[in-house]
Every structure is written in structure tokens, then in C-alpha cells.
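A short write-up of the structure that comes next.
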2 protein chains.
Amino acid sequence: MIAKEDMYISLIENIKELVTVSEKDISLIMDSFKPKALAKKDILLFKGDTSNHMRFIIEGCLRSYYINEEGHEYIVQFGIRNWWINDLFSYLTKTPAQYFIQALQPTTILQIHRDDLDKLFIQVPVMERFFRIKMERAYVANLNRTVKSMSETSESRYLNFIKTHRDIEQNVPQYMVASYLGITPEHLSTIRKNLHQ
Amino acid sequence: MIAKEDMYISLIENIKELVTVSEKDISLIMDSFKPKALAKKDILLFKGDTSNHMRFIIEGCLRSYYINEEGHEYIVQFGIRNWWINDLFSYLTKTPAQYFIQALQPTTILQIHRDDLDKLFIQVPVMERFFRIKMERAYVANLNRTVKSMSETSESRYLNFIKTHRDIEQNVPQYMVASYLGITPEHLSTIRKNLHQ
DNA sequence: CGCGACGTTGATTTGCCTCAACGATTGTGG
DNA sequence: CCACAATCGTTGAGGCAAATCAACGTCGCG
């Protein structure tokens with residue numbers, strides 16, 4: 001459980017990492033973002049619904065995932081403390097979401113409605129820059145994921161994942177790590193066996 | 001060959017698709033972007049060099065690609081008329097590029113140096129919004145590529161590629177399409193054979 | 001003309017999936 | 001608080017999609 005007054009600190013810190021905001025800006029930002037608590041397994045966004053909020057994770061763990069026609073699940077993204085998570089295509093185009101977003105642990109988020117964010121962009125123009133930089137980084141990170149998934153073995157992708165995302169690995173079952181890496185749980189299991197000599 | 005006075009039209013049109021700019025803004029933009037011509041096979045950016053420009057394609061065709069330790073090539077992105085292309089990570093962090101960018105056809109681009117773009121963001125603040133929206137769309141498109149590469153067969157990815165990118169397919173050799181799709185040229189060849197009954 | 005770049009074909013190999021079975025752990029209702 | 005069920009990870013057998021390797025035909029260009 002996080003005290004309400006503490007909750008906004010990590011959001012403001014996250015913004016201050018990239019842009020400079022005044023005290024006035026901060027209070028406008030705080031007024032725009034609303035907290036939401038989720039229990040483990042709660043679905044934050046259903047496929048088919050429209051995503052109307054940008055979401056910042058205060059505490060807990062979430063996943064976004066895709067289910068294809070055959071019913072197979074593919075994990076698109078994990079999110080933990082201080083990450084942003086969304087079905088961005090749905091949010092931007094106001095179309096039905098392609099992905100589910102689900103809490104994997106008890107989770108607290110701060111979210112802002114699209115209408116309020118549009119207002120905020122006018123009141124605090126530097127937020128436009130903040131999201132541009134966030135988008136740039138997200139794009140670069142994902143492009144890197146694409147290239148690595150083409151050029152590296154599944155074993156080295158797994159090793160890289162546990163090296164750079166130990167905090168996520170500790171919060172999600174192994175079969176979800178496999179899904180994120182694009183392999184089956186059985187295959188990840190044999191990879192791990194081989195690694196332990 | 002494109003007349004100098006015509007060259008900027010497509011850039012301005014590209015910007016106007018997303019944001020509103022005044023005549024004054026337009027002339028500031030035009031002053032900031034410099035043309036560059038490339039012959040087929042010219043390398044625009046070498047791995048190891050730092051990317052210092054944002055680049056907009058007027059005419060022609062380019063690819064960015066990655067070479068791993070074993071010497072295998074992986075195509076990260078194609079670019080044709082009216083697309084932006086860059087090694088964004090290198091540009092943003094001023095670090096050595098991970099990718100090559102090469103012309104696959106005689107190509108003309110307009111490019112703006114980082115310093116000039118930073119100035120332009122101050123003179124024409126709406127350009128900040130322009131690039132935020134571009135980044136959002138690039139991120140969404142690439143995330144979609146990631147998910148599709150996990151959840152679809154190589155045949156359906158190929159069919160989708162030729163359906164949505166026929167303009168690219170006509171400008172690049174088949175083995176580069178295979179590389180972009182994450183399969184071998186031989187395998188793409190057998191996919192095509194099977195499709196032709 | 002001759003060479004290099006490109007696409008195709010087939011034989012063989014391999015990385016990973018599918019399917020099935022089985023412990024170990026966790027969680028839950030009686 | 002225990003018993004049973006569900007969840008999760010592991011193991012192994014068998015199969016398939018795609019890679020590797022090698023050879024060959026064709027085309028365009030210097």
C-alpha cells in the first residue's frame with residue numbers, strides 16, 4: 001500500500017529525468033493523473049475496448065499480451081515500477097485494443113485520460129517534449145528487440161533478458177518469460193538445464 | 001533528377017500532414033534541411049560513425065542493416081520516398097551507430113543536423129509535436145512487426161509484406177526481403193514456389 | 001563476352017515445437 | 001488446518017519448419 005501523497009513522487013521524478021518543470025507545472029500534472037489499484041490477475045485493458053489513458057506504474061507488475069486466432073498468447077511487453085504501459089495504437093487512434101493488459105502482482109498505477117493529457121500539453125508544453133523523448137526511447141528499445149530476435153539464439157536472448165531485467169524475472173512465471181522471448185516454456189526449460197551444465 | 005525548388009515540397013507536405021505551419025515556419029524549415037544525393041550502393045551511414053542528422057527521403061530507396069559477429073546481415077528497415085530513416089539510437093545518444101544505412105537505388109534525401117534541429121524546435125515549437133507523433137507511429141508500427149514475427153508463419157508475413165509494401169518490393173532484391181522477414185533467401189524461394197501452386 | 005549477382009532447387013541437418021506424462025509448489029474451500 | 005485442485009516447471013519422444021550447404025541456371029552489366 002502506498003500513501004497517496006507519496007504516489008506522485010515517482011511520477012514527478014520520472015518526468016524530471018527528461019524535462020524541467022515548475023512547481024505550478026507539477027501541481028497541474030498531479031491534478032491530471034488519477035490513481036488506480038489493481039489486484040493480481042485483474043485486467044486493466046481488454047482486447048476490443050479502447051484505451052483512453054496513458055498509464056504510469058507506481059508499484060507492482062503488469063503485462064500486455066496478444067492472443068492470435070488459434071488462441072496462443074504472446075507477451076508484448078512487461079511493465080514494472082516507473083515504467084509506462086499502454087496499447088498505444090488503440091490510444092492514439094481511438095480504435096479497439098489489440099492487446100490485453102493485466103496485473104501480474106497487486107499493482108498501483110497513475111493514469112491520465114486522453115482529454116486531460118491534451119489539455120496538459122497546452123498548459124505545460126514541455127510535456128510534449130517529455131513524451132517525444134519517451135517515444136524515441138521506446139522505439140529504439142523495441143527496434144533493438146526486433147534485431148536481437150532475428151540475429152541471436154534463444155539462449156543468448158534469455159541470458160540477456162535475465163541480465164537486464166532481473167527485476168521483471170522475479171515477478172513473473174517462467175512461461176511468460178518464454179512467451180516474451182518467443183519460445184515455448186518447454187524449450188526455455190531445456191535451455192536452463194543446459195546452462196546449469 | 002529532382003529540381004531543387006520541387007524537392008522541399010514533399011517534406012513540407014509530410015509535415016503538414018500532422019501539424020499546422022505558417023509561411024514563416026516553412027522558410028525556417030527549408031533553410032535547415034540540406035539536400036544530399038546518393039548513387040546506388042553508396043553508404044550513407046557506417047556502423048561505428050555517429051549519426052548527426054535526421055533524414056527524409058525525397059526519391060529512391062535505402063536500407064538500414066545490422067551485421068552480427070558471424071558476419072550475417074539483418075535488414076532493420078527499408079526506406080522509400082516520403083519516409084524518414086536513421087540510426088535513431090546513435091543520433092539520440094551521440095554514440096557509434098550499430099547499423100549501416102545504404103542506398104539501394106539512386107537516392108535523394110533532405111537532412112537536418114542535430115544542432116539545427118534543436119534550434120528549429122525553439123523557432124518552430126510545433127516541430128516538437130511533429131516528431132512526437134512520428135515517433136509514436138514508428139513505435140506502434142515496429143511493435144506490430146515484433147508481435148507479427150512471433151505469432152505468424154513466414155508465409156503469411158511474406159504475403160502481408162508484398163500486400164502492404166509493393167513499392168518497396170519492386171525496388172529491392174528478393175534476398176533483402178527475406179532478410180527483413182527474418183528468413184533465408186532459399187526459404188523465401190520455396191515459399192514463393194508453394195504459393196504459385 | 002565473361003563475370004558477378006541473384007534466384008532456384010534439392011539433400012541434409014537442426015533448432016524448436018507439439019504432445020504427453022509427471023513431480024513440486026501454491027492456493028483454496030470444506 | 002488439511003486435502004485436493006490448479007498452476008507451474010521439467011523431461012522425453014517424435015515431428016516439422018526452416019537453416020545450411022552445394023550446385024546450377026539466368027540475367028544484366030562492365
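Each chain in the C-alpha cells gets a letter, A, B and so on, in the order shown; residues start at 1 in every chain, and ligands are counted from 1 in the order they appear.
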Worksheet item: Could you write out, as JSON, numbers by chain, all the residues of chain A that DSSP marks as alpha helix (DSSP H)?
Response: {"A": [4, 5, 6, 7, 8, 9, 10, 11, 12, 13, 14, 15, 16, 23, 24, 25, 26, 27, 28, 29, 30, 31, 32, 88, 89, 90, 91, 92, 93, 114, 115, 116, 117, 118, 119, 120, 121, 122, 123, 126, 127, 128, 129, 130, 131, 132, 133, 134, 135, 136, 137, 138, 139, 140, 141, 142, 143, 144, 145, 146, 147, 148, 149, 150, 151, 154, 155, 156, 157, 158, 159, 160, 161, 162, 163, 164, 166, 167, 168, 169, 174, 175, 176, 177, 178, 179, 180, 181, 185, 186, 187, 188, 189, 190, 191, 192, 193, 194, 195]}
Can you write out the residues you just picked, keeping C-alpha atoms, as a short mmCIF file (atom, residue, chain, number, x, y, z; two decimals), in the first residue's frame?
```
data_model
loop_
_atom_site.label_atom_id
_atom_site.label_comp_id
_atom_site.auth_asym_id
_atom_site.auth_seq_id
_atom_site.Cartn_x
_atom_site.Cartn_y
_atom_site.Cartn_z
CA LYS A 4 -1.44 8.97 -1.64
CA GLU A 5 0.99 11.82 -1.06
CA ASP A 6 3.97 9.59 -1.86
CA MET A 7 2.45 8.17 -5.00
CA TYR A 8 3.08 11.17 -7.21
CA ILE A 9 6.71 11.49 -6.23
CA SER A 10 7.91 8.77 -8.57
CA LEU A 11 5.84 10.18 -11.45
CA ILE A 12 7.28 13.66 -10.98
CA GLU A 13 10.78 12.23 -10.63
CA ASN A 14 10.24 10.28 -13.84
CA ILE A 15 9.26 13.47 -15.66
CA LYS A 16 12.12 15.48 -14.15
CA GLU A 23 6.02 23.96 -9.10
CA LYS A 24 2.98 25.21 -10.97
CA ASP A 25 3.51 22.59 -13.66
CA ILE A 26 3.84 19.90 -11.02
CA SER A 27 0.52 20.73 -9.42
CA LEU A 28 -1.17 20.75 -12.83
CA ILE A 29 0.34 17.36 -13.58
CA MET A 30 -0.71 15.96 -10.22
CA ASP A 31 -4.26 17.16 -10.73
CA SER A 32 -4.44 15.36 -14.09
CA LEU A 88 -0.55 2.85 -27.78
CA PHE A 89 -2.15 2.16 -31.13
CA SER A 90 -5.58 1.95 -29.54
CA TYR A 91 -4.93 5.09 -27.51
CA LEU A 92 -3.68 7.12 -30.46
CA THR A 93 -6.29 6.05 -32.99
CA ARG A 114 -6.54 11.48 -23.29
CA ASP A 115 -8.66 14.64 -22.95
CA ASP A 116 -6.75 15.69 -19.86
CA LEU A 117 -3.40 14.98 -21.47
CA ASP A 118 -4.35 17.10 -24.46
CA LYS A 119 -5.20 19.90 -22.05
CA LEU A 120 -1.96 19.33 -20.18
CA PHE A 121 0.03 19.66 -23.42
CA ILE A 122 -1.36 23.19 -23.73
CA GLN A 123 -0.89 24.15 -20.08
CA VAL A 126 7.19 20.75 -22.03
CA MET A 127 5.15 17.56 -21.53
CA GLU A 128 5.05 17.35 -25.30
CA ARG A 129 8.82 17.11 -25.24
CA PHE A 130 8.71 14.60 -22.40
CA PHE A 131 6.54 12.20 -24.38
CA ARG A 132 8.56 12.73 -27.54
CA ILE A 133 11.70 11.61 -25.75
CA LYS A 134 9.87 8.71 -24.10
CA MET A 135 8.60 7.62 -27.51
CA GLU A 136 12.05 7.87 -29.04
CA ARG A 137 13.47 5.64 -26.36
CA ALA A 138 10.66 3.15 -26.54
CA TYR A 139 11.07 2.97 -30.30
CA VAL A 140 14.82 2.43 -30.07
CA ALA A 141 14.44 -0.23 -27.38
CA ASN A 142 11.86 -2.12 -29.38
CA LEU A 143 13.83 -1.91 -32.61
CA ASN A 144 16.73 -3.40 -30.72
CA ARG A 145 14.44 -6.21 -29.57
CA THR A 146 13.46 -6.86 -33.18
CA VAL A 147 17.04 -7.05 -34.37
CA LYS A 148 18.17 -9.23 -31.49
CA SER A 149 15.30 -11.65 -32.03
CA MET A 150 16.49 -12.06 -35.62
CA SER A 151 20.21 -12.26 -35.02
CA SER A 154 17.19 -18.07 -27.96
CA GLU A 155 19.75 -18.97 -25.31
CA SER A 156 21.60 -15.68 -25.64
CA ARG A 157 18.32 -13.76 -25.69
CA TYR A 158 17.38 -15.47 -22.43
CA LEU A 159 20.74 -14.68 -20.86
CA ASN A 160 20.42 -11.08 -21.92
CA PHE A 161 16.90 -10.90 -20.52
CA ILE A 162 17.82 -12.16 -17.07
CA LYS A 163 20.87 -9.92 -17.03
CA THR A 164 19.00 -6.72 -17.88
CA ARG A 166 16.15 -9.47 -13.22
CA ASP A 167 13.53 -7.29 -11.52
CA ILE A 168 10.93 -8.49 -14.01
CA GLU A 169 12.06 -12.11 -13.95
CA GLN A 174 8.88 -18.60 -16.28
CA TYR A 175 6.43 -19.47 -19.03
CA MET A 176 5.73 -15.77 -19.51
CA VAL A 177 9.42 -15.04 -19.93
CA ALA A 178 9.40 -17.76 -22.60
CA SER A 179 6.44 -16.11 -24.30
CA TYR A 180 8.17 -12.73 -24.26
CA LEU A 181 11.29 -14.30 -25.78
CA PRO A 185 8.05 -22.92 -21.90
CA GLU A 186 9.41 -26.42 -22.57
CA HIS A 187 12.20 -25.05 -24.69
CA LEU A 188 13.15 -22.42 -22.10
CA SER A 189 13.27 -25.22 -19.58
CA THR A 190 15.79 -27.19 -21.65
CA ILE A 191 17.83 -24.02 -22.22
CA ARG A 192 18.05 -23.57 -18.47
CA LYS A 193 19.02 -27.20 -17.98
CA ASN A 194 21.87 -26.84 -20.47
CA LEU A 195 23.06 -23.65 -18.76
#
```
Discussion item. Please list as an MDAnalysis selection string every residue within 12 Å of DT7 (chain D), counting only C-alpha atoms (C1' of nucleotides) and excluding residues in the same chain fewer than 6 positions away.
Written reply: (chainID A and resid 173:175) or (chainID C and resid 24:27)
Worksheet item: Which is closest to chain C among A:His196, A:Gly182, A:Gly48, A:Gln105, if we use only C-alpha atoms (C1' of nucleotides)?
Response: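 The shortest atom-to-atom distance to chain C comes from A:Gly182.
Ranking B:Lys41, B:Lys47, B:Arg63, B:His72 by their shortest atom-to-atom distance to chain A, with only C-alpha atoms included, puts B:His72 first.
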Practice prompt. Within 12 Å of DA23 (chain D), counting only C-alpha atoms (C1' of nucleotides), which residues show up once you throw out same-chain ones fewer than 3 positions away? Write them as a VMD selection string, please.
Written response: chain C and resid 8 to 11
Practice prompt. Please measure the separation of CA of Gly79 (chain A) and CA of Thr20 (chain A), giving the value in Å to one decimal.
Written response: 24.9 Å
Select from chain D every residue with an atom at most 12 Å from any atom of chain B, then for each give the shortest pair of atoms and their distance in Å to one decimal, using only C-alpha atoms (C1' of nucleotides), rows by chain and rising number, as CSV.
```
residue,atom,partner,partner_atom,distance
D:DA17,C1',B:Thr153,CA,9.5
D:DA18,C1',B:His187,CA,7.0
D:DA19,C1',B:Thr184,CA,7.5
D:DT20,C1',B:Thr184,CA,9.9
D:DC21,C1',B:Glu186,CA,11.2
```
Residues from last step as file, C-alpha atoms (C1' of nucleotides), as a short mmCIF file (atom, residue, chain, number, x, y, z; two decimals), in the first residue's frame:
```
data_model
loop_
_atom_site.label_atom_id
_atom_site.label_comp_id
_atom_site.auth_asym_id
_atom_site.auth_seq_id
_atom_site.Cartn_x
_atom_site.Cartn_y
_atom_site.Cartn_z
"C1'" DA D 17 9.66 -25.72 -40.19
"C1'" DA D 18 13.44 -23.55 -41.56
"C1'" DA D 19 18.63 -23.35 -41.83
"C1'" DT D 20 22.76 -24.96 -44.06
"C1'" DC D 21 25.28 -26.44 -47.84
#
```
Item to complete: Please provide as a count of residues only all residues within 9 Å of Ile85 (chain B), with the sequence filter that same-chain residues fewer than 2 positions apart are discarded (counting only C-alpha atoms (C1' of nucleotides)).
Response: 15
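The closest residue to chain B, picked from C:DC22, C:DC6, C:DC1, C:DC17 and counting only C-alpha atoms (C1' of nucleotides), is C:DC6.
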Item to complete: Enumerate, as a PyMOL selection string, the complete set of residues in region 39-149 of chain A that a backbone-based DSSP assignment places in strand (DSSP E or B).
Response: chain A and resi 43-45+50+53-59+61-67+73-80+84-85+96+100-103+107-113
